[in-house]
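The data block below is data_32.tsv; it holds TSV, C-alpha atoms.
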```tsv
chain	number	residue	atom	x	y	z
B	122	MET	CA	52.77	44.38	53.34
B	123	SER	CA	49.56	42.55	54.20
B	124	GLN	CA	49.18	39.93	56.96
B	125	PRO	CA	52.09	37.50	56.67
B	126	LYS	CA	53.10	35.12	59.42
B	127	ARG	CA	55.72	33.79	57.03
B	128	VAL	CA	58.27	36.31	55.74
B	129	VAL	CA	61.17	35.96	53.31
B	130	VAL	CA	64.04	38.44	53.67
B	131	MET	CA	65.46	38.61	50.15
B	132	GLY	CA	68.28	40.18	48.17
B	133	VAL	CA	71.73	39.44	46.83
B	134	SER	CA	74.49	37.78	48.81
B	135	GLY	CA	76.02	40.16	51.33
B	136	CYS	CA	73.02	42.49	51.70
B	137	GLY	CA	72.34	41.35	55.27
B	138	LYS	CA	69.48	38.88	54.79
B	139	SER	CA	70.55	36.47	57.53
B	140	ALA	CA	71.23	39.22	60.06
B	141	LEU	CA	67.87	40.91	59.45
B	142	ALA	CA	65.98	37.60	59.35
B	143	GLY	CA	67.54	36.54	62.65
B	144	GLY	CA	66.80	39.87	64.31
B	145	LEU	CA	63.23	39.96	62.99
B	146	ALA	CA	62.54	36.39	64.09
B	147	GLU	CA	63.85	37.16	67.57
B	148	TRP	CA	61.74	40.34	67.77
B	149	LEU	CA	58.56	38.52	66.71
B	150	GLY	CA	59.26	35.32	68.66
B	151	TRP	CA	59.21	33.32	65.43
B	152	ARG	CA	61.56	30.67	64.06
B	153	MET	CA	64.24	31.61	61.52
B	154	VAL	CA	65.59	29.46	58.68
B	155	ASP	CA	68.52	30.37	56.45
B	156	ALA	CA	67.76	29.01	52.98
B	157	ASP	CA	71.52	28.67	52.38
B	158	ASP	CA	71.30	25.63	54.67
B	159	LEU	CA	68.81	23.99	52.27
B	160	HIS	CA	71.10	23.95	49.22
B	161	ALA	CA	72.15	20.53	47.93
B	162	PRO	CA	75.82	19.70	48.57
B	163	ALA	CA	76.54	19.81	44.81
B	164	ALA	CA	75.13	23.35	44.60
B	165	VAL	CA	77.22	24.47	47.56
B	166	ALA	CA	80.34	22.98	45.93
B	167	ARG	CA	79.53	24.76	42.67
B	168	MET	CA	79.15	28.13	44.40
B	169	ARG	CA	82.23	27.58	46.55
B	170	ALA	CA	84.14	27.06	43.28
B	171	GLY	CA	82.88	30.45	42.07
B	172	ARG	CA	80.28	29.18	39.61
B	173	ALA	CA	76.81	30.70	39.74
B	174	LEU	CA	73.72	28.49	39.86
B	175	ASP	CA	71.25	28.52	37.01
B	176	ASP	CA	67.50	28.15	37.45
B	177	ALA	CA	67.63	24.39	36.83
B	178	GLU	CA	69.79	24.19	39.96
B	179	ARG	CA	67.89	26.84	41.92
B	180	LEU	CA	64.34	25.52	41.43
B	181	PRO	CA	64.68	22.30	43.48
B	182	TRP	CA	66.23	24.40	46.24
B	183	LEU	CA	63.34	26.88	46.06
B	184	ASP	CA	60.94	23.94	46.31
B	185	ARG	CA	62.68	22.89	49.56
B	186	VAL	CA	62.36	26.45	50.85
B	187	GLY	CA	58.70	26.50	49.81
B	188	ALA	CA	58.08	23.21	51.63
B	189	VAL	CA	59.52	24.68	54.85
B	190	LEU	CA	57.25	27.73	54.46
B	191	ALA	CA	54.20	25.61	53.67
B	192	ASP	CA	54.86	23.39	56.69
B	193	ALA	CA	55.03	26.44	58.97
B	194	ALA	CA	51.78	27.74	57.47
B	195	ALA	CA	50.06	24.38	57.98
B	196	GLN	CA	51.12	24.44	61.63
B	197	GLY	CA	50.15	28.10	62.10
B	198	GLN	CA	53.75	29.03	62.99
B	199	GLY	CA	55.48	32.32	62.35
B	200	LEU	CA	58.63	31.91	60.27
B	201	VAL	CA	61.28	34.22	58.83
B	202	VAL	CA	63.43	32.83	56.01
B	203	ALA	CA	66.59	34.41	54.60
B	204	CYS	CA	66.52	33.56	50.88
B	205	SER	CA	67.89	35.39	47.84
B	206	ALA	CA	64.66	34.98	45.76
B	207	LEU	CA	66.37	37.05	43.08
B	208	ARG	CA	63.90	36.67	40.23
B	209	ARG	CA	60.16	37.19	40.06
B	210	VAL	CA	59.70	33.53	39.07
B	211	HIS	CA	61.55	32.54	42.27
B	212	ARG	CA	59.27	34.67	44.44
B	213	ASP	CA	56.17	33.41	42.62
B	214	ARG	CA	57.30	29.83	43.23
B	215	LEU	CA	57.53	30.56	46.96
B	216	ARG	CA	54.13	32.32	46.87
B	217	ALA	CA	52.60	29.23	45.24
B	218	ALA	CA	53.92	27.09	48.10
B	219	CYS	CA	52.79	29.55	50.80
B	220	PRO	CA	50.13	32.02	49.58
B	221	ASP	CA	50.14	34.28	52.66
B	222	LEU	CA	53.83	35.05	52.26
B	223	GLY	CA	55.40	38.48	52.66
B	224	PHE	CA	58.82	39.63	51.44
B	225	ILE	CA	61.37	42.14	52.67
B	226	PHE	CA	63.75	43.25	49.91
B	227	LEU	CA	67.13	44.52	51.09
B	228	SER	CA	68.91	46.69	48.55
B	229	GLY	CA	72.07	48.74	48.48
B	230	SER	CA	74.88	49.87	46.25
B	231	ARG	CA	77.20	47.35	44.66
B	232	GLU	CA	80.13	49.01	46.43
B	233	ARG	CA	78.58	48.71	49.89
B	234	ILE	CA	77.58	45.09	49.38
B	235	ALA	CA	81.03	44.20	47.98
B	236	GLU	CA	82.58	45.81	51.07
B	237	ARG	CA	80.40	43.63	53.31
B	238	LEU	CA	81.29	40.50	51.35
B	239	ALA	CA	85.00	41.27	51.65
B	240	GLN	CA	84.62	41.32	55.44
B	241	ARG	CA	82.54	38.14	55.66
B	242	ARG	CA	84.24	34.98	56.88
B	243	GLY	CA	83.18	31.34	56.83
B	244	HIS	CA	80.56	31.48	54.07
B	245	TYR	CA	80.77	29.35	50.95
B	246	MET	CA	79.51	32.09	48.62
B	247	PRO	CA	82.55	33.96	47.27
B	248	ALA	CA	82.46	37.72	46.67
B	249	SER	CA	83.27	36.98	43.01
B	250	LEU	CA	79.63	35.91	42.48
B	251	LEU	CA	78.18	39.30	43.47
B	252	ASP	CA	78.09	40.61	39.89
B	253	SER	CA	76.30	37.46	38.73
B	254	GLN	CA	73.71	37.92	41.47
B	255	LEU	CA	73.20	41.58	40.58
B	256	GLN	CA	72.70	40.61	36.92
B	257	THR	CA	70.15	37.96	37.90
B	258	LEU	CA	68.28	40.23	40.34
B	259	GLU	CA	64.84	41.39	39.27
B	260	PRO	CA	63.96	43.97	41.93
B	261	PRO	CA	60.33	43.67	43.03
B	262	GLY	CA	58.11	46.29	41.45
B	263	ALA	CA	54.78	47.90	42.28
B	264	ASP	CA	53.01	44.78	40.98
B	265	GLU	CA	54.36	42.88	44.02
B	266	PRO	CA	52.49	44.62	46.88
B	267	ASP	CA	53.55	41.96	49.39
B	268	VAL	CA	57.13	43.31	49.37
B	269	LEU	CA	58.57	45.81	51.83
B	270	HIS	CA	61.62	47.62	50.42
B	271	LEU	CA	64.42	48.52	52.84
B	272	GLY	CA	67.82	50.06	52.11
B	273	ILE	CA	70.82	48.50	53.86
B	274	GLU	CA	72.44	51.70	55.09
B	275	PRO	CA	70.63	52.12	58.45
B	276	PRO	CA	71.89	50.19	61.48
B	277	LEU	CA	70.58	46.63	61.82
B	278	ALA	CA	68.50	47.48	64.91
B	279	GLN	CA	66.65	50.17	62.94
B	280	LEU	CA	66.00	47.79	60.03
B	281	VAL	CA	64.69	45.13	62.42
B	282	ARG	CA	62.32	47.68	63.96
B	283	GLN	CA	61.05	48.87	60.56
B	284	ALA	CA	60.48	45.29	59.41
B	285	ALA	CA	58.77	44.28	62.66
B	286	ASP	CA	56.52	47.34	62.55
B	287	ALA	CA	55.45	46.49	59.00
B	288	VAL	CA	54.78	42.84	59.79
B	289	GLN	CA	52.86	43.65	62.98
B	290	ALA	CA	50.82	46.37	61.24
B	291	GLY	CA	49.88	43.84	58.56
B	292	GLU	CA	48.83	41.33	61.21
B	293	ARG	CA	46.65	43.92	62.98
B	294	ALA	CA	44.99	44.89	59.70
B	295	ALA	CA	44.29	41.22	58.92
B	296	GLU	CA	42.77	40.71	62.38
B	297	ARG	CA	40.48	43.73	61.89
B	298	THR	CA	39.40	42.41	58.48
B	299	ALA	CA	38.66	38.98	59.96
B	300	GLU	CA	36.67	40.56	62.80
B	301	ARG	CA	34.59	42.62	60.35
B	302	ALA	CA	33.94	39.54	58.24
B	303	ALA	CA	32.75	37.64	61.32
B	304	GLU	CA	30.33	40.38	62.41
B	305	PRO	CA	26.68	39.57	61.70
B	306	THR	CA	25.21	41.70	59.00
B	307	ALA	CA	22.14	43.74	59.78
B	308	ALA	CA	18.97	42.10	58.63
B	309	ALA	CA	17.27	43.77	55.73
B	310	PRO	CA	13.93	45.41	56.58
B	311	PRO	CA	10.92	43.32	55.64
B	312	MET	CA	9.52	44.06	52.22
B	313	GLU	CA	6.12	45.70	52.02
B	314	PRO	CA	3.60	43.64	50.13
B	315	ARG	CA	2.66	45.12	46.79
B	316	ALA	CA	-0.87	46.37	46.42
```
Please re-express this file's structure in structure tokens.
Amino acid sequence: MSQPKRVVVMGVSGCGKSALAGGLAEWLGWRMVDADDLHAPAAVARMRAGRALDDAERLPWLDRVGAVLADAAAQGQGLVVACSALRRVHRDRLRAACPDLGFIFLSGSRERIAERLAQRRGHYMPASLLDSQLQTLEPPGADEPDVLHLGIEPPLAQLVRQAADAVQAGERAAERTAERAAEPTAAAPPMEPRA
């Protein structure tokens, strides 16, 4: 992960995005936004009824998420967003809105995630949509170097620490690069006149 000050914690419903995003934001002293809160009421009603969203319904939502990220970037604020960002096109849309974005991908077995969903209370996303989300998921590959991959099995505190270490290491590397770029270059020795 490079130098993000804006980070999206991504993965399917029930993987722990909101918990990790909240813990990471607290650790870093940044603001946290849950992208679930940015869905249009019609989309929430559709999911509550057990019907998955298609990209035509997801893209306006992703644009709202991207606008929140871009606003934080424009203000120089650190921000952690919990957002599914299941497909590469979704992540690329967010990258277009906020180019210095980093991602943390939470992954785990279907069984473990289903177990978590069965225990969750008060969320509009029913456990019945897990299979749809897993079918839609395009796990980030090696061609997405701005993604940190974390498994969901370790305790939350350990995941927060791993994520924070990666983000802070990226920030330190970016600061060193900026410092090197700002250093004056040594003047070239004067050329000898030709005889």
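Closest approach to Leu207 of chain B among B:Gln283, B:Gln289, B:Ser228, B:Ser139: B:Ser228, based on all atoms listed in the file.
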Once 5 Å is added on each side, what centre and edge lengths in Å to one decimal does the axis-aligned box around all listed atoms of segment 125-133 of chain B have, as JSON?
```
{"center_x": 61.9, "center_y": 37.0, "center_z": 53.1, "size_x": 29.6, "size_y": 16.4, "size_z": 22.6}
```
| message | If I take atom CA of Val133 of chain B and atom CA of Gln256 of chain B, how far is one from the other in Å, to one decimal? | response |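 Straight-line distance from atom CA of Val133 of chain B to atom CA of Gln256 of chain B works out to 10.0 Å.
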May I have the protein, DNA and RNA residues with any atom at most 10 Å from the point (65.8, 34.4, 47.9), counting all atoms listed in the file, written as a PDB file with C-alpha atoms, in the frame of the given file?
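Dumped to point.pdb:
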```pdb
ATOM      1  CA  VAL B 129      61.170  35.960  53.310  1.00  0.00           C
ATOM      2  CA  VAL B 130      64.040  38.440  53.670  1.00  0.00           C
ATOM      3  CA  MET B 131      65.460  38.610  50.150  1.00  0.00           C
ATOM      4  CA  GLY B 132      68.280  40.180  48.170  1.00  0.00           C
ATOM      5  CA  VAL B 133      71.730  39.440  46.830  1.00  0.00           C
ATOM      6  CA  SER B 134      74.490  37.780  48.810  1.00  0.00           C
ATOM      7  CA  LYS B 138      69.480  38.880  54.790  1.00  0.00           C
ATOM      8  CA  ASP B 155      68.520  30.370  56.450  1.00  0.00           C
ATOM      9  CA  ALA B 156      67.760  29.010  52.980  1.00  0.00           C
ATOM     10  CA  ASP B 157      71.520  28.670  52.380  1.00  0.00           C
ATOM     11  CA  ARG B 179      67.890  26.840  41.920  1.00  0.00           C
ATOM     12  CA  LEU B 183      63.340  26.880  46.060  1.00  0.00           C
ATOM     13  CA  VAL B 186      62.360  26.450  50.850  1.00  0.00           C
ATOM     14  CA  VAL B 202      63.430  32.830  56.010  1.00  0.00           C
ATOM     15  CA  ALA B 203      66.590  34.410  54.600  1.00  0.00           C
ATOM     16  CA  CYS B 204      66.520  33.560  50.880  1.00  0.00           C
ATOM     17  CA  SER B 205      67.890  35.390  47.840  1.00  0.00           C
ATOM     18  CA  ALA B 206      64.660  34.980  45.760  1.00  0.00           C
ATOM     19  CA  LEU B 207      66.370  37.050  43.080  1.00  0.00           C
ATOM     20  CA  ARG B 208      63.900  36.670  40.230  1.00  0.00           C
ATOM     21  CA  HIS B 211      61.550  32.540  42.270  1.00  0.00           C
ATOM     22  CA  ARG B 212      59.270  34.670  44.440  1.00  0.00           C
ATOM     23  CA  LEU B 215      57.530  30.560  46.960  1.00  0.00           C
ATOM     24  CA  PHE B 224      58.820  39.630  51.440  1.00  0.00           C
ATOM     25  CA  PHE B 226      63.750  43.250  49.910  1.00  0.00           C
ATOM     26  CA  LEU B 258      68.280  40.230  40.340  1.00  0.00           C
TER      27      LEU B 258
END
```
| Can you tell me, as a count of residues only, what residues are no more than 8 Å from Arg172 of chain B when counting only C-alpha atoms, ignoring any on the same chain fewer than 4 positions away? | 3
| What lies within 12 Å of Pro181 of chain B using all atoms listed in the file, ignoring chain neighbours under 3 positions off, as a list in words? |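 Residues near the query, excluding close chain neighbours: Leu159, His160, Ala161, Ala164, Leu174, Asp175, Asp176, Ala177, Glu178, Asp184, Arg185, Val186, Gly187, Ala188, His211, Arg214 and Leu215 of chain B.
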| message | Could you check the closest approach to Asp213 of chain B for each of B:Glu236, B:Asp286, B:Asp264, B:Glu274 and tell me which residue wins, using only C-alpha atoms? | response |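 Result for the nearest residue to Asp213 of chain B: B:Asp264.
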| task | In Å, rounded to a single decimal, give me how far atom CA of Ala290 of chain B is from atom CA of Gln198 of chain B. | result |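 Separation of atom CA of Gln198 of chain B and atom CA of Ala290 of chain B: 17.7 Å.
For the choices B:Ala284, B:Leu149, B:Ala235, B:Ala218, the atom-to-atom distance to Gly199 of chain B is smallest for B:Leu149 when using only C-alpha atoms.
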| field | Computed interatomic separation between atom CA of Pro220 of chain B and atom CA of Cys136 of chain B (Å) | value |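 Interatomic distance, atom CA of Pro220 of chain B to atom CA of Cys136 of chain B: 25.3 Å.
If you count only C-alpha atoms and draw a sphere of 10 Å around (58.0, 28.4, 63.3), the protein and nucleic acid residues inside it come out as Lys126, Arg127, Ala146, Gly150, Trp151, Arg152, Met153, Val154, Val189, Leu190, Asp192, Ala193, Ala194, Gln196, Gly197, Gln198, Gly199, Leu200 and Val201 of chain B.
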| Hey, which of B:Pro260, B:Gly291, B:Gly272, B:Gly229 ends up closest to Gly135 of chain B? Count only C-alpha atoms. |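 Closest to Gly135 of chain B, using only C-alpha atoms: B:Gly229.
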| Between B:Ala163, B:Cys219, B:Val210, B:Leu227, which has the minimum distance to Leu271 of chain B (counting all atoms listed in the file)? |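 The answer is B:Leu227, which sits nearest to Leu271 of chain B.
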Regenerate segment 175-205 of chain B at the level of N, CA and C atoms and dump it as a PDB file, in the frame of the given file.
```pdb
ATOM      1  N   ASP B 175      72.286  28.122  37.968  1.00  0.00           N
ATOM      2  CA  ASP B 175      71.250  28.520  37.010  1.00  0.00           C
ATOM      3  C   ASP B 175      69.897  28.102  37.597  1.00  0.00           C
ATOM      4  N   ASP B 176      68.819  28.455  36.901  1.00  0.00           N
ATOM      5  CA  ASP B 176      67.500  28.150  37.450  1.00  0.00           C
ATOM      6  C   ASP B 176      67.237  26.657  37.584  1.00  0.00           C
ATOM      7  N   ALA B 177      67.817  25.847  36.706  1.00  0.00           N
ATOM      8  CA  ALA B 177      67.630  24.390  36.830  1.00  0.00           C
ATOM      9  C   ALA B 177      68.170  23.896  38.165  1.00  0.00           C
ATOM     10  N   GLU B 178      69.219  24.561  38.666  1.00  0.00           N
ATOM     11  CA  GLU B 178      69.790  24.190  39.960  1.00  0.00           C
ATOM     12  C   GLU B 178      69.083  24.890  41.113  1.00  0.00           C
ATOM     13  N   ARG B 179      68.550  26.081  40.853  1.00  0.00           N
ATOM     14  CA  ARG B 179      67.890  26.840  41.920  1.00  0.00           C
ATOM     15  C   ARG B 179      66.486  26.316  42.222  1.00  0.00           C
ATOM     16  N   LEU B 180      65.749  25.854  41.219  1.00  0.00           N
ATOM     17  CA  LEU B 180      64.340  25.520  41.430  1.00  0.00           C
ATOM     18  C   LEU B 180      64.113  24.397  42.447  1.00  0.00           C
ATOM     19  N   PRO B 181      64.883  23.302  42.428  1.00  0.00           N
ATOM     20  CA  PRO B 181      64.680  22.300  43.480  1.00  0.00           C
ATOM     21  C   PRO B 181      64.959  22.859  44.882  1.00  0.00           C
ATOM     22  N   TRP B 182      65.927  23.739  44.975  1.00  0.00           N
ATOM     23  CA  TRP B 182      66.230  24.400  46.240  1.00  0.00           C
ATOM     24  C   TRP B 182      65.049  25.275  46.672  1.00  0.00           C
ATOM     25  N   LEU B 183      64.503  26.038  45.735  1.00  0.00           N
ATOM     26  CA  LEU B 183      63.340  26.880  46.060  1.00  0.00           C
ATOM     27  C   LEU B 183      62.155  26.018  46.483  1.00  0.00           C
ATOM     28  N   ASP B 184      62.025  24.838  45.891  1.00  0.00           N
ATOM     29  CA  ASP B 184      60.940  23.940  46.310  1.00  0.00           C
ATOM     30  C   ASP B 184      61.146  23.477  47.753  1.00  0.00           C
ATOM     31  N   ARG B 185      62.400  23.253  48.155  1.00  0.00           N
ATOM     32  CA  ARG B 185      62.680  22.890  49.560  1.00  0.00           C
ATOM     33  C   ARG B 185      62.343  24.057  50.487  1.00  0.00           C
ATOM     34  N   VAL B 186      62.696  25.267  50.068  1.00  0.00           N
ATOM     35  CA  VAL B 186      62.360  26.450  50.850  1.00  0.00           C
ATOM     36  C   VAL B 186      60.836  26.596  50.945  1.00  0.00           C
ATOM     37  N   GLY B 187      60.150  26.424  49.812  1.00  0.00           N
ATOM     38  CA  GLY B 187      58.700  26.500  49.810  1.00  0.00           C
ATOM     39  C   GLY B 187      58.052  25.473  50.710  1.00  0.00           C
ATOM     40  N   ALA B 188      58.621  24.269  50.764  1.00  0.00           N
ATOM     41  CA  ALA B 188      58.080  23.210  51.630  1.00  0.00           C
ATOM     42  C   ALA B 188      58.213  23.599  53.101  1.00  0.00           C
ATOM     43  N   VAL B 189      59.327  24.227  53.471  1.00  0.00           N
ATOM     44  CA  VAL B 189      59.520  24.680  54.850  1.00  0.00           C
ATOM     45  C   VAL B 189      58.478  25.754  55.189  1.00  0.00           C
ATOM     46  N   LEU B 190      58.254  26.683  54.257  1.00  0.00           N
ATOM     47  CA  LEU B 190      57.250  27.730  54.460  1.00  0.00           C
ATOM     48  C   LEU B 190      55.849  27.143  54.564  1.00  0.00           C
ATOM     49  N   ALA B 191      55.527  26.227  53.666  1.00  0.00           N
ATOM     50  CA  ALA B 191      54.200  25.610  53.670  1.00  0.00           C
ATOM     51  C   ALA B 191      53.954  24.829  54.956  1.00  0.00           C
ATOM     52  N   ASP B 192      54.984  24.147  55.437  1.00  0.00           N
ATOM     53  CA  ASP B 192      54.860  23.390  56.690  1.00  0.00           C
ATOM     54  C   ASP B 192      54.572  24.340  57.854  1.00  0.00           C
ATOM     55  N   ALA B 193      55.275  25.465  57.906  1.00  0.00           N
ATOM     56  CA  ALA B 193      55.030  26.440  58.970  1.00  0.00           C
ATOM     57  C   ALA B 193      53.614  26.989  58.880  1.00  0.00           C
ATOM     58  N   ALA B 194      53.144  27.248  57.651  1.00  0.00           N
ATOM     59  CA  ALA B 194      51.780  27.740  57.470  1.00  0.00           C
ATOM     60  C   ALA B 194      50.759  26.710  57.940  1.00  0.00           C
ATOM     61  N   ALA B 195      50.987  25.453  57.581  1.00  0.00           N
ATOM     62  CA  ALA B 195      50.060  24.380  57.980  1.00  0.00           C
ATOM     63  C   ALA B 195      49.976  24.243  59.491  1.00  0.00           C
ATOM     64  N   GLN B 196      51.075  24.549  60.171  1.00  0.00           N
ATOM     65  CA  GLN B 196      51.120  24.440  61.630  1.00  0.00           C
ATOM     66  C   GLN B 196      50.766  25.761  62.323  1.00  0.00           C
ATOM     67  N   GLY B 197      50.489  26.805  61.521  1.00  0.00           N
ATOM     68  CA  GLY B 197      50.150  28.100  62.100  1.00  0.00           C
ATOM     69  C   GLY B 197      51.318  28.792  62.777  1.00  0.00           C
ATOM     70  N   GLN B 198      52.539  28.467  62.362  1.00  0.00           N
ATOM     71  CA  GLN B 198      53.750  29.030  62.990  1.00  0.00           C
ATOM     72  C   GLN B 198      54.251  30.242  62.219  1.00  0.00           C
ATOM     73  N   GLY B 199      54.773  31.206  62.970  1.00  0.00           N
ATOM     74  CA  GLY B 199      55.480  32.320  62.350  1.00  0.00           C
ATOM     75  C   GLY B 199      56.864  31.870  61.946  1.00  0.00           C
ATOM     76  N   LEU B 200      57.328  32.328  60.792  1.00  0.00           N
ATOM     77  CA  LEU B 200      58.630  31.910  60.270  1.00  0.00           C
ATOM     78  C   LEU B 200      59.237  33.028  59.448  1.00  0.00           C
ATOM     79  N   VAL B 201      60.521  33.280  59.658  1.00  0.00           N
ATOM     80  CA  VAL B 201      61.280  34.220  58.830  1.00  0.00           C
ATOM     81  C   VAL B 201      62.364  33.423  58.132  1.00  0.00           C
ATOM     82  N   VAL B 202      62.445  33.551  56.811  1.00  0.00           N
ATOM     83  CA  VAL B 202      63.430  32.830  56.010  1.00  0.00           C
ATOM     84  C   VAL B 202      64.326  33.835  55.299  1.00  0.00           C
ATOM     85  N   ALA B 203      65.627  33.638  55.386  1.00  0.00           N
ATOM     86  CA  ALA B 203      66.590  34.410  54.600  1.00  0.00           C
ATOM     87  C   ALA B 203      66.814  33.637  53.305  1.00  0.00           C
ATOM     88  N   CYS B 204      66.445  34.246  52.180  1.00  0.00           N
ATOM     89  CA  CYS B 204      66.520  33.560  50.880  1.00  0.00           C
ATOM     90  C   CYS B 204      66.693  34.610  49.788  1.00  0.00           C
ATOM     91  N   SER B 205      67.615  34.390  48.879  1.00  0.00           N
ATOM     92  CA  SER B 205      67.890  35.390  47.840  1.00  0.00           C
ATOM     93  C   SER B 205      66.644  35.744  47.020  1.00  0.00           C
TER      94      SER B 205
END
```
